[in-house]
file upload31.txt (compact mmCIF, C-alpha atoms)
# COMPACT_ATOMS: atom_id res chain seq x y z
CA MET A 1 -12.68 -21.49 35.37
CA VAL A 2 -15.77 -19.40 34.74
CA MET A 3 -15.80 -17.58 31.41
CA THR A 4 -16.98 -14.01 31.70
CA PRO A 5 -19.26 -12.96 28.85
CA ILE A 6 -17.71 -10.86 26.13
CA THR A 7 -18.88 -7.27 26.27
CA PRO A 8 -17.91 -5.12 23.33
CA ASP A 9 -18.38 -1.99 25.37
CA LEU A 10 -15.31 -1.87 27.60
CA ALA A 11 -16.70 1.20 29.33
CA GLU A 12 -19.26 -1.04 31.03
CA GLN A 13 -16.59 -3.24 32.59
CA SER A 14 -14.63 -0.79 34.67
CA PRO A 15 -15.47 1.83 37.30
CA LEU A 16 -15.87 5.38 36.08
CA LEU A 17 -12.66 6.79 37.50
CA ASP A 18 -10.51 3.90 36.29
CA ARG A 19 -11.93 4.22 32.82
CA GLN A 20 -10.98 7.89 32.63
CA ARG A 21 -7.49 7.09 33.80
CA GLU A 22 -7.26 4.28 31.26
CA LEU A 23 -8.25 6.65 28.44
CA ARG A 24 -5.62 9.18 29.52
CA LEU A 25 -3.07 6.38 29.50
CA GLN A 26 -4.17 5.36 25.99
CA ARG A 27 -3.67 8.93 24.82
CA TRP A 28 -0.12 8.96 26.20
CA CYS A 29 0.56 5.69 24.41
CA LEU A 30 -0.84 7.12 21.18
CA HIS A 31 1.34 10.19 21.39
CA ALA A 32 4.37 8.03 22.00
CA GLY A 33 3.60 7.17 18.36
CA THR A 34 3.60 10.87 17.45
CA PHE A 35 7.09 11.23 18.89
CA ALA A 36 8.15 7.96 17.24
CA LEU A 37 7.07 9.35 13.86
CA ILE A 38 9.00 12.59 14.39
CA PHE A 39 12.13 10.82 15.68
CA LEU A 40 12.12 8.19 12.90
CA PHE A 41 12.16 10.81 10.18
CA LEU A 42 14.40 13.24 12.08
CA GLY A 43 16.96 10.54 12.83
CA PHE A 44 17.06 8.80 9.45
CA GLY A 45 16.48 11.79 7.18
CA GLY A 46 17.63 14.71 9.33
CA PHE A 47 20.74 13.88 11.36
CA ALA A 48 21.93 10.91 9.27
CA GLN A 49 21.03 12.71 6.00
CA PHE A 50 19.91 9.43 4.46
CA PHE A 51 17.07 11.09 2.50
CA PHE A 52 18.63 13.69 0.21
CA PRO A 53 19.56 11.61 -1.65
CA PRO A 54 19.41 8.08 -0.22
CA PRO A 55 22.73 6.37 -1.11
CA SER A 56 22.37 4.12 -4.16
CA PRO A 57 23.17 0.39 -3.86
CA GLY A 58 25.02 0.90 -7.16
CA LEU A 59 27.75 2.96 -5.45
CA SER A 60 31.17 1.35 -4.98
CA ALA A 61 32.37 0.26 -1.54
CA THR A 62 34.68 3.29 -1.42
CA GLU A 63 31.82 5.66 -2.16
CA ILE A 64 29.56 4.06 0.46
CA ALA A 65 32.37 4.21 3.06
CA ALA A 66 32.86 7.89 2.17
CA VAL A 67 29.24 8.59 3.18
CA TYR A 68 30.14 7.32 6.67
CA GLN A 69 33.57 8.99 6.76
CA GLU A 70 32.13 12.40 5.87
CA ASN A 71 29.29 12.40 8.41
CA PRO A 72 30.14 9.86 11.16
CA ASN A 73 28.67 11.82 14.08
CA GLY A 74 25.57 12.84 12.14
CA ILE A 75 24.83 9.20 11.34
CA ARG A 76 25.59 8.13 14.93
CA LEU A 77 23.24 10.81 16.32
CA GLY A 78 20.66 9.95 13.67
CA MET A 79 20.67 6.27 14.58
CA LEU A 80 20.49 7.13 18.30
CA THR A 81 17.36 9.21 17.54
CA PHE A 82 15.96 6.46 15.31
CA PHE A 83 16.53 3.90 18.07
CA THR A 84 14.77 6.10 20.65
CA ALA A 85 11.80 6.33 18.29
CA THR A 86 11.53 2.57 17.97
CA THR A 87 11.11 2.18 21.74
CA LEU A 88 8.05 4.44 21.49
CA TRP A 89 6.54 2.16 18.84
CA ALA A 90 5.34 -0.45 21.40
CA PRO A 91 2.90 1.78 23.34
CA PHE A 92 1.64 3.12 20.00
CA VAL A 93 0.78 -0.42 18.85
CA LEU A 94 -1.20 -1.06 22.03
CA SER A 95 -3.19 2.19 21.75
CA ILE A 96 -4.38 0.97 18.32
CA SER A 97 -5.40 -2.49 19.53
CA ARG A 98 -7.55 -0.92 22.30
CA GLN A 99 -9.67 0.78 19.62
CA ILE A 100 -10.00 -2.44 17.62
CA GLU A 101 -11.28 -4.08 20.84
CA LEU A 102 -14.11 -1.53 20.94
CA VAL A 103 -15.29 -2.99 17.63
CA THR A 104 -14.62 -6.70 18.16
CA GLY A 105 -14.58 -7.23 21.92
CA PRO A 106 -11.40 -7.83 23.94
CA ARG A 107 -11.14 -11.56 23.27
CA SER A 108 -11.33 -11.37 19.52
CA THR A 109 -8.52 -12.58 17.30
CA LEU A 110 -8.30 -9.27 15.45
CA PRO A 111 -6.81 -6.97 18.14
CA GLN A 112 -4.47 -9.81 19.20
CA LEU A 113 -3.32 -10.24 15.61
CA GLN A 114 -2.65 -6.52 15.34
CA VAL A 115 -0.56 -6.57 18.55
CA ILE A 116 1.46 -9.57 17.38
CA LEU A 117 2.11 -7.99 13.99
CA GLY A 118 2.95 -4.67 15.63
CA ILE A 119 5.49 -6.24 17.96
CA GLY A 120 6.82 -8.49 15.17
CA SER A 121 7.38 -5.55 12.87
CA TRP A 122 9.03 -3.73 15.79
CA ILE A 123 12.15 -5.85 15.17
CA PHE A 124 12.51 -4.30 11.73
CA LEU A 125 12.52 -0.82 13.24
CA ILE A 126 15.01 -1.60 16.03
CA VAL A 127 17.55 -3.79 14.26
CA PRO A 128 18.32 -1.69 11.14
CA GLY A 129 19.02 1.40 13.27
CA LEU A 130 21.48 -0.60 15.35
CA VAL A 131 23.20 -2.16 12.32
CA LEU A 132 23.65 1.27 10.72
CA ALA A 133 24.94 2.56 14.07
CA ALA A 134 27.55 -0.23 13.91
CA ALA A 135 28.38 0.82 10.35
CA ALA A 136 29.05 4.37 11.58
CA PHE A 137 31.03 3.11 14.60
CA ARG A 138 34.36 2.59 12.75
CA PRO A 139 34.18 4.54 9.46
CA ASP A 140 37.91 3.98 8.78
CA ARG A 141 37.73 0.17 8.66
CA PRO A 142 38.14 -1.62 5.25
CA VAL A 143 35.51 -0.16 2.93
CA GLU A 144 33.93 -3.51 1.96
CA ILE A 145 32.96 -4.14 5.60
CA THR A 146 31.25 -0.75 5.84
CA GLN A 147 29.46 -1.48 2.56
CA ALA A 148 28.27 -4.86 3.86
CA LEU A 149 26.93 -3.32 7.08
CA HIS A 150 25.31 -0.52 5.08
CA ASP A 151 23.59 -3.01 2.75
CA LEU A 152 22.47 -5.09 5.73
CA GLY A 153 21.00 -2.07 7.52
CA TRP A 154 19.14 -0.79 4.47
CA ILE A 155 17.79 -4.18 3.45
CA LEU A 156 16.60 -4.76 7.04
CA ALA A 157 14.93 -1.34 7.04
CA ILE A 158 13.26 -1.37 3.61
CA MET A 159 12.55 -4.98 2.65
CA PRO A 160 10.39 -6.31 5.54
CA PHE A 161 7.30 -4.19 4.98
CA ALA A 162 4.97 -7.22 4.77
CA PRO A 163 4.09 -7.36 8.51
CA PHE A 164 3.19 -3.66 8.30
CA THR A 165 0.98 -4.45 5.29
CA LEU A 166 -0.84 -7.17 7.21
CA GLN A 167 -1.32 -4.72 10.11
CA ALA A 168 -2.89 -2.26 7.67
CA ILE A 169 -5.19 -5.03 6.38
CA VAL A 170 -6.21 -5.83 9.98
CA LEU A 171 -7.10 -2.15 10.47
CA ALA A 172 -9.11 -2.20 7.22
CA VAL A 173 -11.02 -5.30 8.39
CA ALA A 174 -11.70 -3.66 11.77
CA THR A 175 -13.01 -0.56 9.96
CA PHE A 176 -15.37 -2.56 7.77
CA LEU A 177 -16.62 -4.59 10.78
CA ASP A 178 -17.39 -1.28 12.49
CA ARG A 179 -20.48 -0.71 10.35
CA GLU A 180 -21.72 2.28 12.32
CA GLY A 181 -18.36 4.03 12.04
CA ALA A 182 -18.36 4.37 15.84
CA VAL A 183 -14.58 3.93 16.13
CA PHE A 184 -13.08 4.03 12.64
CA PRO A 185 -14.39 6.28 9.82
CA ARG A 186 -14.97 4.45 6.52
CA TRP A 187 -12.21 6.29 4.64
CA PHE A 188 -9.70 4.87 7.16
CA GLY A 189 -10.42 1.34 5.91
CA TYR A 190 -9.83 2.25 2.28
CA LEU A 191 -6.73 4.27 3.15
CA ASN A 192 -5.27 1.25 4.96
CA ILE A 193 -5.76 -0.96 1.89
CA LEU A 194 -4.15 1.63 -0.38
CA LEU A 195 -1.14 2.36 1.86
CA GLY A 196 -0.70 -1.24 2.98
CA LEU A 197 -0.39 -2.50 -0.58
CA SER A 198 1.93 0.34 -1.54
CA PHE A 199 4.48 -0.99 1.01
CA LEU A 200 4.92 -4.25 -0.89
CA PRO A 201 7.12 -3.54 -3.97
CA GLY A 202 10.07 -3.03 -1.59
CA MET A 203 10.29 -6.82 -1.23
CA PHE A 204 11.89 -7.04 -4.66
CA LEU A 205 14.81 -4.74 -3.84
CA ILE A 206 17.35 -7.58 -3.54
CA PHE A 207 17.29 -8.04 -7.33
CA PHE A 208 18.25 -4.45 -8.16
CA LYS A 209 21.24 -2.14 -7.82
CA ASP A 210 19.61 0.65 -9.83
CA GLY A 211 16.22 2.00 -10.89
CA PRO A 212 12.83 2.25 -9.14
CA LEU A 213 13.06 -1.10 -7.30
CA ALA A 214 16.57 -0.53 -5.87
CA TYR A 215 16.64 0.28 -2.14
CA ASN A 216 16.94 3.99 -2.92
CA GLY A 217 14.30 3.92 -5.70
CA LEU A 218 10.76 5.24 -6.08
CA LEU A 219 8.89 1.96 -5.60
CA ALA A 220 11.10 0.40 -2.92
CA PHE A 221 12.07 3.48 -0.92
CA TRP A 222 10.21 6.73 -1.54
CA ILE A 223 6.64 5.45 -1.84
CA PRO A 224 6.82 3.03 1.14
CA VAL A 225 8.61 5.57 3.35
CA VAL A 226 6.29 8.49 2.54
CA ASP A 227 3.21 6.26 2.80
CA PHE A 228 4.45 4.92 6.13
CA GLY A 229 4.54 8.50 7.45
CA ILE A 230 1.01 9.19 6.09
CA TRP A 231 -0.16 5.91 7.61
CA MET A 232 1.14 6.75 11.10
CA LEU A 233 -0.37 10.25 10.87
CA ALA A 234 -3.78 8.85 9.88
CA ILE A 235 -3.68 6.35 12.77
CA ILE A 236 -2.73 9.12 15.23
CA VAL A 237 -5.69 11.25 14.06
CA VAL A 238 -8.27 8.42 14.00
CA VAL A 239 -7.25 6.80 17.32
CA GLY A 240 -7.00 10.26 18.94
CA ARG A 241 -10.58 11.03 17.90
CA SER A 242 -11.80 7.67 19.18
CA ILE A 243 -10.23 8.35 22.59
CA SER A 244 -11.73 11.87 22.65
CA ARG A 245 -15.20 10.50 21.87
CA GLN A 246 -14.97 7.99 24.71
CA GLN A 247 -13.77 10.68 27.11
CA ALA A 248 -16.64 12.97 26.09
CA ALA A 249 -19.13 10.12 26.59
CA LEU A 250 -17.75 9.47 30.09
CA THR A 251 -17.87 13.14 31.07
CA ALA A 252 -21.45 13.39 29.80
CA ARG A 253 -22.60 10.72 32.26
CA MET B 254 -21.85 7.50 -18.30
CA THR B 255 -23.03 6.83 -14.81
CA LEU B 256 -23.08 3.52 -13.02
CA THR B 257 -26.38 4.16 -11.31
CA GLY B 258 -29.60 2.75 -12.69
CA ARG B 259 -32.18 4.95 -14.36
CA GLY B 260 -34.47 6.97 -12.15
CA ASP B 261 -33.82 5.12 -8.89
CA THR B 262 -32.49 7.99 -6.83
CA PRO B 263 -33.69 11.57 -7.20
CA THR B 264 -30.50 13.00 -5.63
CA ARG B 265 -27.05 12.39 -7.06
CA GLU B 266 -25.53 9.50 -5.16
CA VAL B 267 -21.82 8.73 -4.85
CA PRO B 268 -21.26 5.23 -6.28
CA VAL B 269 -20.28 2.71 -3.54
CA GLU B 270 -19.52 5.30 -0.82
CA PRO B 271 -17.34 8.42 -0.58
CA GLY B 272 -14.44 6.71 1.27
CA PHE B 273 -14.08 4.15 -1.52
CA TRP B 274 -13.01 6.93 -3.89
CA LEU B 275 -10.03 7.63 -1.67
CA LEU B 276 -8.81 4.15 -2.65
CA VAL B 277 -9.55 4.55 -6.37
CA LEU B 278 -8.22 8.09 -6.76
CA GLY B 279 -5.29 7.40 -4.43
CA ASP B 280 -4.37 4.41 -6.56
CA MET B 281 -4.55 6.48 -9.74
CA THR B 282 -2.40 9.15 -8.09
CA MET B 283 0.16 6.46 -7.31
CA PHE B 284 0.22 5.44 -10.99
CA ALA B 285 0.54 9.10 -12.00
CA VAL B 286 3.67 9.25 -9.82
CA PHE B 287 4.98 6.04 -11.47
CA PHE B 288 4.44 7.50 -14.97
CA GLY B 289 6.00 10.84 -13.99
CA SER B 290 9.06 9.06 -12.64
CA PHE B 291 9.25 6.88 -15.79
CA LEU B 292 9.16 9.98 -18.02
CA ILE B 293 11.91 11.70 -16.02
CA GLU B 294 14.15 8.63 -16.22
CA GLN B 295 13.40 8.37 -19.94
CA ARG B 296 14.57 11.95 -20.45
CA ASN B 297 17.81 11.15 -18.61
CA ASP B 298 18.48 8.04 -20.67
CA PRO B 299 16.61 8.18 -24.01
CA ALA B 300 18.87 5.59 -25.69
CA VAL B 301 18.15 2.77 -23.21
CA PHE B 302 14.43 3.57 -23.11
CA GLY B 303 14.16 3.77 -26.92
CA ALA B 304 15.97 0.45 -27.34
CA GLY B 305 13.87 -1.19 -24.64
CA ARG B 306 10.63 0.04 -26.20
CA SER B 307 11.58 -1.34 -29.62
CA ASP B 308 11.97 -4.78 -27.96
CA LEU B 309 8.37 -4.74 -26.71
CA ASN B 310 5.68 -6.76 -28.46
CA GLN B 311 3.43 -3.96 -29.70
CA LEU B 312 1.04 -6.47 -31.27
CA ILE B 313 0.23 -8.16 -27.95
CA GLY B 314 0.07 -4.73 -26.29
CA THR B 315 -2.49 -3.54 -28.85
CA ALA B 316 -4.46 -6.78 -28.63
CA ASN B 317 -4.62 -6.41 -24.85
CA THR B 318 -5.88 -2.84 -25.20
CA VAL B 319 -8.74 -4.10 -27.38
CA VAL B 320 -9.43 -6.93 -24.91
CA LEU B 321 -9.68 -4.53 -21.96
CA LEU B 322 -11.87 -2.04 -23.86
CA THR B 323 -14.20 -4.88 -24.86
CA GLY B 324 -14.20 -5.90 -21.20
CA SER B 325 -15.23 -2.37 -20.22
CA LEU B 326 -18.19 -2.52 -22.60
CA VAL B 327 -19.54 -5.84 -21.27
CA VAL B 328 -18.85 -4.86 -17.65
CA ALA B 329 -20.76 -1.58 -18.10
CA LEU B 330 -23.69 -3.48 -19.65
CA GLY B 331 -23.53 -6.12 -16.90
CA VAL B 332 -23.41 -3.61 -14.04
CA LYS B 333 -26.39 -1.77 -15.49
CA ALA B 334 -28.37 -5.00 -15.98
CA VAL B 335 -27.71 -6.24 -12.43
CA LEU B 336 -28.59 -2.86 -10.93
CA ASP B 337 -31.82 -2.88 -12.95
CA GLY B 338 -32.65 -6.32 -11.53
CA ARG B 339 -32.00 -8.28 -14.74
CA HIS B 340 -29.71 -10.69 -12.94
CA GLU B 341 -29.40 -13.47 -15.48
CA ILE B 342 -28.30 -11.39 -18.46
CA GLY B 343 -26.25 -9.19 -16.11
CA SER B 344 -24.27 -12.11 -14.74
CA ARG B 345 -23.55 -13.31 -18.31
CA TYR B 346 -22.12 -9.92 -19.23
CA LEU B 347 -20.01 -9.86 -16.06
CA LEU B 348 -18.70 -13.38 -16.75
CA ALA B 349 -17.77 -12.19 -20.25
CA GLY B 350 -15.78 -9.48 -18.44
CA VAL B 351 -14.06 -12.20 -16.38
CA GLY B 352 -13.27 -13.92 -19.71
CA CYS B 353 -11.67 -10.74 -21.03
CA ALA B 354 -9.55 -10.52 -17.89
CA GLY B 355 -8.49 -14.15 -18.40
CA LEU B 356 -7.51 -13.46 -22.00
CA PHE B 357 -5.59 -10.35 -20.93
CA THR B 358 -3.70 -12.35 -18.30
CA ALA B 359 -2.89 -15.14 -20.76
CA LEU B 360 -1.55 -12.68 -23.36
CA LYS B 361 0.46 -10.93 -20.63
CA ALA B 362 1.95 -14.30 -19.60
CA VAL B 363 2.97 -14.98 -23.23
CA GLU B 364 4.57 -11.55 -23.38
CA TYR B 365 6.52 -12.09 -20.14
CA LEU B 366 7.67 -15.55 -21.29
CA GLN B 367 8.87 -14.10 -24.61
CA LYS B 368 10.93 -11.55 -22.69
CA LEU B 369 12.42 -14.15 -20.35
CA ASP B 370 13.16 -16.40 -23.36
CA ALA B 371 15.08 -13.55 -24.96
CA GLY B 372 17.09 -13.21 -21.75
CA ILE B 373 15.33 -10.00 -20.72
CA THR B 374 14.54 -9.73 -16.99
CA PRO B 375 13.42 -6.87 -14.73
CA ALA B 376 17.10 -6.36 -13.85
CA THR B 377 18.22 -5.94 -17.50
CA ASP B 378 18.03 -2.14 -17.37
CA THR B 379 15.92 0.67 -15.91
CA PHE B 380 13.42 0.54 -18.78
CA PHE B 381 12.68 -3.13 -18.16
CA THR B 382 12.51 -2.62 -14.38
CA TYR B 383 9.72 -0.12 -15.05
CA TYR B 384 8.14 -2.32 -17.70
CA PHE B 385 7.90 -5.39 -15.44
CA ALA B 386 7.08 -3.46 -12.25
CA LEU B 387 4.32 -1.28 -13.74
CA THR B 388 2.71 -3.99 -15.90
CA GLY B 389 3.03 -6.40 -12.95
CA ILE B 390 1.34 -4.01 -10.51
CA HIS B 391 -1.34 -3.41 -13.16
CA LEU B 392 -1.82 -7.16 -13.57
CA VAL B 393 -2.43 -7.48 -9.82
CA HIS B 394 -5.13 -4.81 -10.26
CA VAL B 395 -6.69 -6.81 -13.11
CA LEU B 396 -6.83 -9.89 -10.87
CA ILE B 397 -8.46 -7.93 -8.01
CA ALA B 398 -11.05 -6.49 -10.42
CA THR B 399 -11.67 -10.00 -11.76
CA GLY B 400 -12.29 -11.30 -8.24
CA LEU B 401 -14.90 -8.58 -7.67
CA LEU B 402 -16.61 -9.27 -11.02
CA TRP B 403 -16.65 -13.01 -10.32
CA HIS B 404 -18.15 -12.48 -6.85
CA VAL B 405 -20.94 -10.22 -8.13
CA ALA B 406 -21.63 -12.44 -11.18
CA GLN B 407 -21.91 -15.60 -9.04
CA ARG B 408 -24.31 -13.98 -6.58
CA ALA B 409 -26.44 -12.56 -9.38
CA ARG B 410 -26.48 -15.88 -11.26
CA ARG B 411 -27.65 -17.81 -8.20
CA GLY B 412 -30.39 -15.27 -7.63
CA HIS B 413 -28.95 -14.00 -4.31
CA ALA B 414 -29.49 -10.39 -3.41
CA VAL B 415 -26.51 -8.38 -4.63
CA GLY B 416 -25.56 -5.34 -2.59
CA ARG B 417 -25.65 -2.22 -4.71
CA PRO B 418 -22.21 -1.05 -3.44
CA TRP B 419 -20.62 -4.37 -4.45
CA VAL B 420 -21.94 -4.12 -8.00
CA GLN B 421 -20.83 -0.52 -8.29
CA ALA B 422 -17.41 -1.28 -6.78
CA ALA B 423 -16.83 -4.10 -9.29
CA GLY B 424 -17.67 -1.73 -12.16
CA VAL B 425 -15.60 1.19 -10.87
CA VAL B 426 -12.53 -0.94 -10.17
CA TRP B 427 -12.72 -2.53 -13.63
CA HIS B 428 -12.98 0.84 -15.38
CA ALA B 429 -10.16 2.28 -13.25
CA VAL B 430 -7.94 -0.65 -14.21
CA ASP B 431 -8.86 -0.09 -17.87
CA ILE B 432 -8.02 3.64 -17.73
CA ILE B 433 -4.68 2.90 -16.07
CA TRP B 434 -3.88 0.40 -18.84
CA LEU B 435 -4.68 2.96 -21.56
CA LEU B 436 -2.17 5.38 -20.01
CA LEU B 437 0.35 2.61 -19.38
CA PHE B 438 0.09 1.40 -22.99
CA ALA B 439 0.57 4.92 -24.32
CA VAL B 440 3.48 5.81 -22.02
CA ILE B 441 5.45 2.54 -22.05
CA TYR B 442 4.62 0.89 -25.40
CA LEU B 443 3.95 3.79 -27.74
CA ALA B 444 5.35 7.19 -26.79
CA GLY B 445 8.97 7.89 -27.64
CA PRO B 446 11.13 10.40 -25.76
CA LEU B 447 10.32 14.01 -26.54
CA ALA B 448 12.91 15.57 -28.82

call {"tool": "encode", "arguments": {"input": "upload31.txt", "output": "structure tokens"}}
result
Amino acid sequence: MVMTPITPDLAEQSPLLDRQRELRLQRWCLHAGTFALIFLFLGFGGFAQFFFPPPSPGLSATEIAAVYQENPNGIRLGMLTFFTATTLWAPFVLSISRQIELVTGPRSTLPQLQVILGIGSWIFLIVPGLVLAAAAFRPDRPVEITQALHDLGWILAIMPFAPFTLQAIVLAVATFLDREGAVFPRWFGYLNILLGLSFLPGMFLIFFKDGPLAYNGLLAFWIPVVDFGIWMLAIIVVVGRSISRQQAALTAR
Amino acid sequence: MTLTGRGDTPTREVPVEPGFWLLVLGDMTMFAVFFGSFLIEQRNDPAVFGAGRSDLNQLIGTANTVVLLTGSLVVALGVKAVLDGRHEIGSRYLLAGVGCAGLFTALKAVEYLQKLDAGITPATDTFFTYYFALTGIHLVHVLIATGLLWHVAQRARRGHAVGRPWVQAAGVVWHAVDIIWLLLFAVIYLAGPLA
């Protein structure tokens, strides 16, 4: 098999028309991420009302079950919305890796690593929504079972932030490799380090029923969740600009 | 004081690069949120927080404050020396900074072990969750700053060219970590709940 040489500039590899179509496709994939962001927060915080306030792990089984008994259809609709959002996560991941390829070339480890981490972390968006949907499915069952499903859903949603952290580190590395700032602005690299590390304290939530490291607390819940939203927004802006620049360069030919 | 050398740039330069300050100031903002949240919880439960604070080892806390401030002095001298091209003396100052970080970490380890010996863990109560989480996150910062200092000191000592941004970044991160500790020491170790 003949190895084709690695060309960092993907625009050189494809015919003009195909390239424009490809960029339009990338923009659709990116904005799948925009809808994912809206649906994630609307489903979890809006319909399910899991934000104000997030139920404490210190509540008794009866109190947790009451959350589901009082708002069963809101939580069901919320988890349906959340689940829809997670499907849109996959195209979003790919639109990011295409920009990393502009820096490293398509055969580099870095964009591949980002795709693998993106798809790996996908599990932790899909599964918790489904577990919490199951919790809301029969709110009148014995309260301990609802509590167990609730704990499972929240721990699945909040604890596994590490693959997202590694994805943020990959984006920071890509930014710093892009010395000219042709694809990623410098601030994006630093922002990824800051936000990526802020996801991590959530790992300790299993030791706590109360306080800032419990799964409804400042360090385990509020900071990671808010920073996750900021992170997705920053990616949408930066990748969107990269696609626009490539489109402008093609039109200028 | 400024981290730039004397008379090398006529215009005011941003140390390292502008984007880097997003990381430093963002990190400090995060700590400001931690402290704000700590103070609110303390108001809600002054008894637990007062009792927890009286269990802290103020002596080690004070010693560590002195260690970090000494570190800031030698790091500032070292950064200035390296930027001025005096690599040998600069790297010695920076390694003294690494030594201060090592001492800080050792004292912190003694403090943690004393707590664990007394049966106090992060799950004991909300005060100790904050105590372990905030000092632990700060300790990670100290280790990152130490890594930067070590990197710059080694390059300077071996006579390699040291990138100006790397030297400045090592200095800025160290001082940021020091400032955060001063606030942390005041808020967690010293200040009682407001009446």

call {"tool": "interface_residues", "arguments": {"input": "upload31.txt", "of": "chain B", "to": "chain A", "cutoff": "12 Å", "atoms": "only C-alpha atoms", "output": "MDAnalysis selection string"}}
result
chainID B and resid 269:284 286:291 293:295 298 374:387 389:390 393:394

call {"tool": "residues_near_point", "arguments": {"input": "upload31.txt", "point": "(18.5, 0.5, -2.5)", "cutoff": "7 Å", "atoms": "all atoms listed in the file", "output": "list of chain:residue names"}}
result
A:Ser56, A:Pro57, A:Leu205, A:Lys209, A:Ala214, A:Tyr215, A:Asn216, A:Gly217

call {"tool": "residues_around", "arguments": {"input": "upload31.txt", "residues": "segment 354-360 of chain B", "least_positions_apart": "3", "cutoff": "7 Å", "atoms": "all atoms listed in the file", "output": "list in words"}}
result
Ile313, Asn317, Val320, Gly350, Val351, Val363, Glu364, Val395 and Thr399 of chain B

call {"tool": "atom_distance", "arguments": {"input": "upload31.txt", "atom1": "atom CA of Leu402 of chain B", "atom2": "atom CA of Leu348 of chain B"}}
result
7.4 Å

call {"tool": "closest_residue", "arguments": {"input": "upload31.txt", "among": "A:Thr251, A:Ser242, A:Gln69, A:Thr81", "to": "Glu101 of chain A", "atoms": "all atoms listed in the file"}}
result
A:Ser242

call {"tool": "atom_distance", "arguments": {"input": "upload31.txt", "atom1": "atom CA of Leu125 of chain A", "atom2": "atom CA of Gln99 of chain A"}}
result
23.1 Å

call {"tool": "residues_around", "arguments": {"input": "upload31.txt", "residues": "segment 229-231 of chain A", "least_positions_apart": "2", "cutoff": "12 Å", "atoms": "all atoms listed in the file", "output": "NGL selection string"}}
result
:A and (33-34 or 36-42 or 164-165 or 167-168 or 171 or 188-199 or 222-227 or 233-238)

call {"tool": "residues_around", "arguments": {"input": "upload31.txt", "residues": "Ala65 of chain A", "least_positions_apart": "4", "cutoff": "12 Å", "atoms": "only C-alpha atoms", "output": "list of chain:residue names"}}
result
A:Pro55, A:Leu59, A:Ser60, A:Ala61, A:Gln69, A:Glu70, A:Asn71, A:Pro72, A:Leu132, A:Ala135, A:Ala136, A:Phe137, A:Arg138, A:Pro139, A:Asp140, A:Arg141, A:Pro142, A:Val143, A:Glu144, A:Ile145, A:Thr146, A:Gln147, A:Ala148, A:Leu149, A:His150, A:Asp151

call {"tool": "atom_distance", "arguments": {"input": "upload31.txt", "atom1": "atom CA of Phe82 of chain A", "atom2": "atom CA of Leu25 of chain A"}}
result
23.7 Å

call {"tool": "closest_residue", "arguments": {"input": "upload31.txt", "among": "B:Pro418, B:Gly352, B:Pro299, B:Gly400", "to": "Ser325 of chain B", "atoms": "all atoms listed in the file"}}
result
B:Gly352

call {"tool": "axis_aligned_box", "arguments": {"input": "upload31.txt", "around": "segment 144-152 of chain A", "padding_each_side": "8 Å", "output": "lines of an AutoDock Vina configuration file"}}
result
center_x = 28.2
center_y = -2.8
center_z = 4.5
size_x = 27.5
size_y = 20.6
size_z = 21.1

call {"tool": "closest_residue", "arguments": {"input": "upload31.txt", "among": "B:Thr315, B:Arg345, B:Thr388, B:Leu330", "to": "Ala362 of chain B", "atoms": "all atoms listed in the file"}}
result
B:Thr388

call {"tool": "closest_residue", "arguments": {"input": "upload31.txt", "among": "B:Ala349, B:Val319, B:Leu396, B:Val332", "to": "Val420 of chain B", "atoms": "all atoms listed in the file"}}
result
B:Val332

call {"tool": "decode", "arguments": {"input": "upload31.txt", "residues": "segment 335-350 of chain B", "atoms": "C-alpha atoms", "output": "mmCIF file, in the first residue's frame"}}
result
data_model
loop_
_atom_site.group_PDB
_atom_site.id
_atom_site.type_symbol
_atom_site.label_atom_id
_atom_site.label_comp_id
_atom_site.auth_asym_id
_atom_site.auth_seq_id
_atom_site.Cartn_x
_atom_site.Cartn_y
_atom_site.Cartn_z
ATOM 1 C CA VAL B 335 17.459 34.985 34.853
ATOM 2 C CA LEU B 336 15.728 37.687 32.804
ATOM 3 C CA ASP B 337 18.825 39.873 33.211
ATOM 4 C CA GLY B 338 20.981 37.021 31.907
ATOM 5 C CA ARG B 339 22.597 36.135 35.248
ATOM 6 C CA HIS B 340 21.682 32.483 34.854
ATOM 7 C CA GLU B 341 23.819 30.888 37.528
ATOM 8 C CA ILE B 342 22.716 33.002 40.473
ATOM 9 C CA GLY B 343 19.166 33.055 39.057
ATOM 10 C CA SER B 344 18.909 29.279 38.960
ATOM 11 C CA ARG B 345 20.153 29.100 42.581
ATOM 12 C CA TYR B 346 17.415 31.461 43.708
ATOM 13 C CA LEU B 347 14.798 29.473 41.783
ATOM 14 C CA LEU B 348 16.025 26.198 43.304
ATOM 15 C CA ALA B 349 15.715 27.839 46.731
ATOM 16 C CA GLY B 350 12.099 28.507 45.719
#
